[in-house]
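Q: What follows is the file coords_24.cif, containing mmCIF, C-alpha atoms:
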```cif
data_entry
loop_
_atom_site.group_PDB
_atom_site.id
_atom_site.type_symbol
_atom_site.label_atom_id
_atom_site.label_comp_id
_atom_site.auth_asym_id
_atom_site.auth_seq_id
_atom_site.Cartn_x
_atom_site.Cartn_y
_atom_site.Cartn_z
ATOM 1 C CA ALA A 623 114.085 99.692 89.921
ATOM 2 C CA GLN A 624 112.727 100.581 93.299
ATOM 3 C CA ARG A 625 109.768 98.561 94.427
ATOM 4 C CA VAL A 626 107.310 98.840 97.300
ATOM 5 C CA THR A 627 105.486 95.700 98.325
ATOM 6 C CA GLN A 628 102.393 95.541 100.467
ATOM 7 C CA PRO A 629 101.746 91.824 100.819
ATOM 8 C CA GLU A 630 98.159 92.056 102.027
ATOM 9 C CA LYS A 631 95.419 93.306 99.736
ATOM 10 C CA LEU A 632 92.882 93.128 102.526
ATOM 11 C CA LEU A 633 93.281 93.107 106.270
ATOM 12 C CA SER A 634 90.297 92.660 108.556
ATOM 13 C CA VAL A 635 90.569 93.224 112.290
ATOM 14 C CA PHE A 636 88.125 93.658 115.143
ATOM 15 C CA LYS A 637 87.678 97.013 116.821
ATOM 16 C CA GLY A 638 90.146 97.355 119.655
ATOM 17 C CA ALA A 639 92.573 94.817 118.194
ATOM 18 C CA PRO A 640 96.111 95.774 117.191
ATOM 19 C CA VAL A 641 96.785 96.556 113.552
ATOM 20 C CA GLU A 642 99.935 96.083 111.519
ATOM 21 C CA LEU A 643 100.017 96.957 107.834
ATOM 22 C CA LYS A 644 103.139 95.602 106.221
ATOM 23 C CA CYS A 645 105.355 97.460 103.774
ATOM 24 C CA ASN A 646 108.631 96.225 102.336
ATOM 25 C CA TYR A 647 110.790 98.041 99.864
ATOM 26 C CA SER A 648 113.666 97.158 97.590
ATOM 27 C CA TYR A 649 116.339 99.796 97.671
ATOM 28 C CA SER A 650 119.726 99.667 99.332
ATOM 29 C CA GLY A 651 120.119 103.365 99.986
ATOM 30 C CA SER A 652 118.267 105.712 102.292
ATOM 31 C CA PRO A 653 114.832 106.402 100.870
ATOM 32 C CA GLU A 654 112.200 108.627 102.349
ATOM 33 C CA LEU A 655 109.113 106.615 103.248
ATOM 34 C CA PHE A 656 105.497 107.601 103.621
ATOM 35 C CA TRP A 657 102.106 106.197 104.375
ATOM 36 C CA TYR A 658 99.192 107.670 102.458
ATOM 37 C CA VAL A 659 95.574 106.879 103.275
ATOM 38 C CA GLN A 660 92.324 107.107 101.367
ATOM 39 C CA TYR A 661 89.121 107.050 103.376
ATOM 40 C CA SER A 662 85.844 106.242 101.657
ATOM 41 C CA ARG A 663 84.829 109.019 99.250
ATOM 42 C CA GLN A 664 87.827 111.136 100.230
ATOM 43 C CA ARG A 665 91.070 112.016 98.529
ATOM 44 C CA LEU A 666 94.349 110.290 98.966
ATOM 45 C CA GLN A 667 96.177 112.081 101.771
ATOM 46 C CA LEU A 668 99.400 111.828 103.692
ATOM 47 C CA LEU A 669 99.136 109.951 106.974
ATOM 48 C CA LEU A 670 102.725 110.043 108.129
ATOM 49 C CA ARG A 671 106.333 110.074 106.986
ATOM 50 C CA HIS A 672 109.258 108.310 108.584
ATOM 51 C CA ILE A 673 111.397 111.415 108.784
ATOM 52 C CA SER A 674 109.005 113.153 111.163
ATOM 53 C CA ARG A 675 108.805 110.203 113.577
ATOM 54 C CA GLU A 676 105.388 111.270 114.766
ATOM 55 C CA SER A 677 102.201 109.465 115.658
ATOM 56 C CA ILE A 678 99.151 110.417 113.649
ATOM 57 C CA LYS A 679 95.689 109.217 114.655
ATOM 58 C CA GLY A 680 97.431 106.683 116.877
ATOM 59 C CA PHE A 681 99.436 105.214 113.993
ATOM 60 C CA THR A 682 103.212 104.889 114.047
ATOM 61 C CA ALA A 683 105.671 103.472 111.553
ATOM 62 C CA ASP A 684 109.283 102.551 112.102
ATOM 63 C CA LEU A 685 111.805 102.355 109.338
ATOM 64 C CA ASN A 686 113.852 99.159 109.595
ATOM 65 C CA LYS A 687 116.719 99.499 107.155
ATOM 66 C CA GLY A 688 118.042 96.029 107.887
ATOM 67 C CA GLU A 689 114.752 94.411 106.913
ATOM 68 C CA THR A 690 113.895 97.184 104.413
ATOM 69 C CA SER A 691 110.494 97.537 105.996
ATOM 70 C CA PHE A 692 108.227 100.369 107.073
ATOM 71 C CA HIS A 693 105.280 98.707 108.749
ATOM 72 C CA LEU A 694 102.352 100.798 109.977
ATOM 73 C CA LYS A 695 101.047 99.991 113.430
ATOM 74 C CA LYS A 696 98.265 100.974 115.759
ATOM 75 C CA PRO A 697 97.666 99.326 119.130
ATOM 76 C CA PHE A 698 93.859 99.586 119.114
ATOM 77 C CA ALA A 699 91.956 99.757 115.830
ATOM 78 C CA GLN A 700 88.909 101.997 115.501
ATOM 79 C CA GLU A 701 86.084 101.701 112.983
ATOM 80 C CA GLU A 702 87.100 105.045 111.474
ATOM 81 C CA ASP A 703 90.471 103.546 110.562
ATOM 82 C CA SER A 704 88.795 101.539 107.809
ATOM 83 C CA ALA A 705 90.399 102.809 104.605
ATOM 84 C CA MET A 706 92.872 102.047 101.848
ATOM 85 C CA TYR A 707 96.480 102.466 102.946
ATOM 86 C CA TYR A 708 99.397 103.003 100.567
ATOM 87 C CA CYS A 709 103.073 102.831 101.382
ATOM 88 C CA ALA A 710 105.300 105.010 99.187
ATOM 89 C CA LEU A 711 108.940 105.952 98.846
ATOM 90 C CA THR A 712 111.093 108.506 97.156
ATOM 91 C CA LEU A 713 114.838 108.137 96.749
ATOM 92 C CA SER A 714 115.330 111.846 97.153
ATOM 93 C CA GLY A 715 113.063 114.821 97.186
ATOM 94 C CA ASN A 716 113.226 115.112 93.431
ATOM 95 C CA THR A 717 112.509 111.539 92.389
ATOM 96 C CA PRO A 718 108.913 110.437 91.955
ATOM 97 C CA LEU A 719 107.002 108.576 94.591
ATOM 98 C CA VAL A 720 106.773 104.845 94.074
ATOM 99 C CA PHE A 721 103.603 103.449 95.606
ATOM 100 C CA GLY A 722 102.728 99.989 96.794
ATOM 101 C CA LYS A 723 99.469 98.537 95.561
ATOM 102 C CA GLY A 724 97.731 99.269 98.810
ATOM 103 C CA THR A 725 96.094 97.390 101.653
ATOM 104 C CA ARG A 726 92.432 97.756 102.430
ATOM 105 C CA LEU A 727 91.918 97.796 106.191
ATOM 106 C CA SER A 728 88.496 96.836 107.422
ATOM 107 C CA VAL A 729 87.791 97.301 111.123
ATOM 108 C CA ILE A 730 84.863 95.220 112.265
ATOM 109 C CA ALA A 731 82.718 96.425 115.147
ATOM 110 C CA LYS B 599 92.864 127.110 101.327
ATOM 111 C CA ALA B 600 91.328 125.482 98.288
ATOM 112 C CA GLY B 601 92.515 122.001 97.475
ATOM 113 C CA VAL B 602 93.686 120.521 94.209
ATOM 114 C CA THR B 603 90.942 120.557 91.614
ATOM 115 C CA GLN B 604 90.645 118.361 88.550
ATOM 116 C CA THR B 605 88.318 118.717 85.599
ATOM 117 C CA PRO B 606 86.402 117.004 84.281
ATOM 118 C CA ARG B 607 85.569 114.455 86.952
ATOM 119 C CA TYR B 608 84.271 111.878 84.477
ATOM 120 C CA LEU B 609 84.939 111.275 80.799
ATOM 121 C CA ILE B 610 83.766 108.690 78.339
ATOM 122 C CA LYS B 611 85.661 108.414 75.080
ATOM 123 C CA THR B 612 86.000 105.896 72.288
ATOM 124 C CA ARG B 613 89.130 104.215 71.028
ATOM 125 C CA GLY B 614 91.279 106.411 68.825
ATOM 126 C CA GLN B 615 90.057 109.687 70.283
ATOM 127 C CA GLN B 616 92.185 112.018 72.312
ATOM 128 C CA VAL B 617 91.502 113.576 75.691
ATOM 129 C CA THR B 618 92.777 116.484 77.773
ATOM 130 C CA LEU B 619 92.590 116.519 81.544
ATOM 131 C CA SER B 620 93.151 119.578 83.689
ATOM 132 C CA CYS B 621 94.588 120.080 87.156
ATOM 133 C CA SER B 622 94.737 123.227 89.266
ATOM 134 C CA PRO B 623 97.211 122.914 92.145
ATOM 135 C CA ILE B 624 97.049 124.495 95.546
ATOM 136 C CA SER B 625 98.045 128.135 95.405
ATOM 137 C CA GLY B 626 101.789 128.495 95.816
ATOM 138 C CA HIS B 627 102.586 124.924 94.796
ATOM 139 C CA ARG B 628 104.906 124.740 91.828
ATOM 140 C CA SER B 629 105.165 120.965 91.485
ATOM 141 C CA VAL B 630 102.349 119.081 89.792
ATOM 142 C CA SER B 631 102.507 115.357 89.198
ATOM 143 C CA TRP B 632 100.152 112.947 87.477
ATOM 144 C CA TYR B 633 99.371 109.335 88.284
ATOM 145 C CA GLN B 634 97.332 106.634 86.626
ATOM 146 C CA GLN B 635 95.427 104.422 89.041
ATOM 147 C CA THR B 636 94.022 101.056 87.969
ATOM 148 C CA PRO B 637 92.882 98.051 90.021
ATOM 149 C CA GLY B 638 95.595 95.864 88.558
ATOM 150 C CA GLN B 639 98.600 98.169 88.580
ATOM 151 C CA GLY B 640 97.763 100.536 91.410
ATOM 152 C CA LEU B 641 99.194 104.038 91.311
ATOM 153 C CA GLN B 642 101.691 104.555 88.534
ATOM 154 C CA PHE B 643 103.616 107.766 88.021
ATOM 155 C CA LEU B 644 103.131 109.522 84.690
ATOM 156 C CA PHE B 645 105.106 112.744 84.924
ATOM 157 C CA GLU B 646 105.908 115.745 87.076
ATOM 158 C CA TYR B 647 106.086 119.377 86.130
ATOM 159 C CA PHE B 648 107.854 122.075 88.065
ATOM 160 C CA SER B 649 107.879 125.709 87.008
ATOM 161 C CA GLU B 650 106.586 124.833 83.535
ATOM 162 C CA THR B 651 109.307 122.207 82.927
ATOM 163 C CA GLN B 652 108.890 118.457 82.907
ATOM 164 C CA ARG B 653 111.188 117.339 85.693
ATOM 165 C CA ASN B 654 110.368 113.644 85.864
ATOM 166 C CA LYS B 655 108.766 111.182 83.511
ATOM 167 C CA GLY B 656 107.380 107.731 84.145
ATOM 168 C CA ASN B 657 107.407 104.734 81.889
ATOM 169 C CA PHE B 658 104.411 105.488 79.700
ATOM 170 C CA PRO B 659 104.218 105.684 75.904
ATOM 171 C CA GLY B 660 104.540 108.957 74.062
ATOM 172 C CA ARG B 661 100.768 109.086 73.634
ATOM 173 C CA PHE B 662 100.744 110.490 77.157
ATOM 174 C CA SER B 663 101.941 114.053 77.372
ATOM 175 C CA GLY B 664 101.507 117.024 79.593
ATOM 176 C CA ARG B 665 102.345 120.632 80.166
ATOM 177 C CA GLN B 666 102.287 123.227 82.863
ATOM 178 C CA PHE B 667 101.327 126.835 82.543
ATOM 179 C CA SER B 668 102.835 129.881 84.205
ATOM 180 C CA ASN B 669 100.100 129.838 86.871
ATOM 181 C CA SER B 670 101.134 126.227 87.698
ATOM 182 C CA ARG B 671 97.953 124.744 86.287
ATOM 183 C CA SER B 672 98.691 121.579 84.386
ATOM 184 C CA GLU B 673 97.111 119.579 81.628
ATOM 185 C CA MET B 674 97.720 116.056 80.487
ATOM 186 C CA ASN B 675 96.794 114.768 77.080
ATOM 187 C CA VAL B 676 96.305 111.241 75.899
ATOM 188 C CA SER B 677 96.142 110.706 72.160
ATOM 189 C CA THR B 678 94.879 107.708 70.223
ATOM 190 C CA LEU B 679 93.075 106.294 73.206
ATOM 191 C CA GLU B 680 93.165 102.566 73.876
ATOM 192 C CA LEU B 681 90.841 100.468 75.998
ATOM 193 C CA GLY B 682 93.663 99.986 78.502
ATOM 194 C CA ASP B 683 93.790 103.718 79.154
ATOM 195 C CA SER B 684 90.592 103.448 81.155
ATOM 196 C CA ALA B 685 91.633 104.493 84.642
ATOM 197 C CA LEU B 686 91.433 107.081 87.362
ATOM 198 C CA TYR B 687 93.907 109.848 86.678
ATOM 199 C CA LEU B 688 95.126 111.597 89.775
ATOM 200 C CA CYS B 689 96.910 114.890 89.994
ATOM 201 C CA ALA B 690 98.965 115.909 93.001
ATOM 202 C CA SER B 691 100.651 119.164 93.907
ATOM 203 C CA GLY B 692 103.464 119.974 96.263
ATOM 204 C CA ARG B 693 105.572 122.930 97.292
ATOM 205 C CA ASP B 694 108.745 121.450 95.878
ATOM 206 C CA GLY B 695 109.623 117.846 95.233
ATOM 207 C CA PHE B 696 108.324 114.546 96.470
ATOM 208 C CA GLY B 697 109.880 114.765 99.909
ATOM 209 C CA ASN B 698 107.198 117.253 100.792
ATOM 210 C CA GLU B 699 103.610 116.268 101.347
ATOM 211 C CA GLN B 700 101.760 115.636 98.114
ATOM 212 C CA PHE B 701 98.178 116.928 97.986
ATOM 213 C CA PHE B 702 95.966 114.897 95.714
ATOM 214 C CA GLY B 703 92.983 115.911 93.690
ATOM 215 C CA PRO B 704 89.764 113.883 93.435
ATOM 216 C CA GLY B 705 90.787 112.417 90.102
ATOM 217 C CA THR B 706 89.297 112.176 86.636
ATOM 218 C CA ARG B 707 87.646 108.870 85.798
ATOM 219 C CA LEU B 708 88.323 108.085 82.135
ATOM 220 C CA THR B 709 86.417 105.317 80.433
ATOM 221 C CA VAL B 710 87.448 104.281 76.939
ATOM 222 C CA LEU B 711 84.863 102.313 74.976
#
```
Using the file provided, produce a representation of the structure as structure tokens.

A:
Amino acid sequence: AQRVTQPEKLLSVFKGAPVELKCNYSYSGSPELFWYVQYSRQRLQLLLRHISRESIKGFTADLNKGETSFHLKKPFAQEEDSAMYYCALTLSGNTPLVFGKGTRLSVIA
Amino acid sequence: KAGVTQTPRYLIKTRGQQVTLSCSPISGHRSVSWYQQTPGQGLQFLFEYFSETQRNKGNFPGRFSGRQFSNSRSEMNVSTLELGDSALYLCASGRDGFGNEQFFGPGTRLTVL
């Protein structure tokens, strides 16, 4: 079965420091990968998807098929980035999303 | 446009009872999926409905069931509640399939005593 692993439950960084949230997946094909984010007292929402190759709120994520990873990066963390981040994949548009267990990012002023 | 709505927001039930949760998707979205979120297991997929048909099903016992109506609103039902069913149940809607952005509701917090 497909699996998404986020090795860090909690990641604390200082404001202005670089951030990298790790995501590894187990699937040998070509999945579609996403990062979803949940800010305090808000709903889970899409942050970015690998297929669009865009930067959202300064975050980028590169799909590395060789390492089966989709790490989320931001060069300079802001306090408003503090949230719960979930990596997710779907094998095709019609197969359900498989979520990692999430990483809580805490940006310290 | 209005977001995904879920009712009720909070429920307290006792073991053995049954419960029905409701989800109204964003207008125009035909796909509705349900997830169970717990601290230990994270987000786990329950099932997805598309145009009133169950299109995908997760690995949950038959006590968990759902349906979708012609207006795309969806309900999920859990019968013979167990303590382990205590969780946040999230509903998400999408235009078509999981490759498109999923829009999540605020969830229903179910507590089983």

Q: Enumerate, in order of chain and increasing residue number, the residues of chain B with an atom no farther than 9 Å from chain A, each with its shortest atom pair and distance in Å to one decimal, counting only C-alpha atoms, as a tab-separated table.

A:
```
residue	atom	partner	partner_atom	distance
B:Ser631	CA	A:Pro718	CA	8.5
B:Pro637	CA	A:Lys723	CA	8.6
B:Gly638	CA	A:Lys723	CA	8.4
B:Gln639	CA	A:Lys723	CA	7.0
B:Gly640	CA	A:Lys723	CA	4.9
B:Leu641	CA	A:Phe721	CA	6.2
B:Gln642	CA	A:Phe721	CA	7.4
B:Phe643	CA	A:Pro718	CA	7.1
B:Phe645	CA	A:Pro718	CA	8.3
B:Glu646	CA	A:Pro718	CA	7.8
B:Arg653	CA	A:Asn716	CA	8.3
B:Asn654	CA	A:Pro718	CA	7.0
B:Lys655	CA	A:Pro718	CA	8.5
B:Gly656	CA	A:Pro718	CA	8.4
B:Asp694	CA	A:Gly715	CA	8.0
B:Gly695	CA	A:Asn716	CA	4.9
B:Phe696	CA	A:Gly715	CA	4.8
B:Gly697	CA	A:Gly715	CA	4.2
B:Asn698	CA	A:Gly715	CA	7.3
B:Glu699	CA	A:Leu668	CA	6.6
B:Gln700	CA	A:Leu668	CA	7.2
B:Phe701	CA	A:Gln667	CA	6.5
B:Phe702	CA	A:Leu666	CA	5.9
B:Gly703	CA	A:Arg665	CA	6.5
B:Pro704	CA	A:Arg665	CA	5.6
B:Gly705	CA	A:Arg665	CA	8.4
```

Q: A:Ala639, A:Leu694, A:Val626, A:Ala705: which is nearest A:Ser677, counting all atoms listed in the file?

A: A:Leu694

Q: Determine the nearest neighbour of A:Val659 from the options A:Phe681, A:Tyr647, A:Phe636, A:Tyr707, counting all atoms listed in the file.

A: A:Tyr707

Q: For a cutoff of 9 Å around the file-coordinate point (114.0, 92.2, 97.0), which residues qualify once you count all atoms listed in the file? I'd like the result as a list of chain:residue names.

A: A:Arg625, A:Asn646, A:Tyr647, A:Ser648, A:Tyr649, A:Thr690

Q: Within 12 Å of B:Gly664, counting all atoms listed in the file, which residues qualify if same-chain residues fewer than 6 places away don't, as a ChimeraX atom specification?

A: /B:617-621,630-633,644-648,650-656,658,671-677,689

Q: Hey, which of B:Ser629, B:Thr706, B:Asn657, B:Ser691 ends up closest to B:Gly601? Count all atoms listed in the file.

A: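 Among B:Ser629, B:Thr706, B:Asn657, B:Ser691, it is B:Ser691 that comes nearest to B:Gly601.
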
Q: Just the residues within 6 Å of stretch 609-614 of chain B, please, counting only C-alpha atoms, with nothing from its chain fewer than 3 positions along; format it as a list of chain:residue names.

A: B:Thr678, B:Leu679, B:Glu680, B:Leu708, B:Thr709, B:Val710, B:Leu711

Q: In Å, rounded to a single decimal, give me how far atom CA of A:Trp657 is from atom CA of A:Ile678.

A: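 Going from atom CA of A:Ile678 over to atom CA of A:Trp657 covers 10.6 Å.
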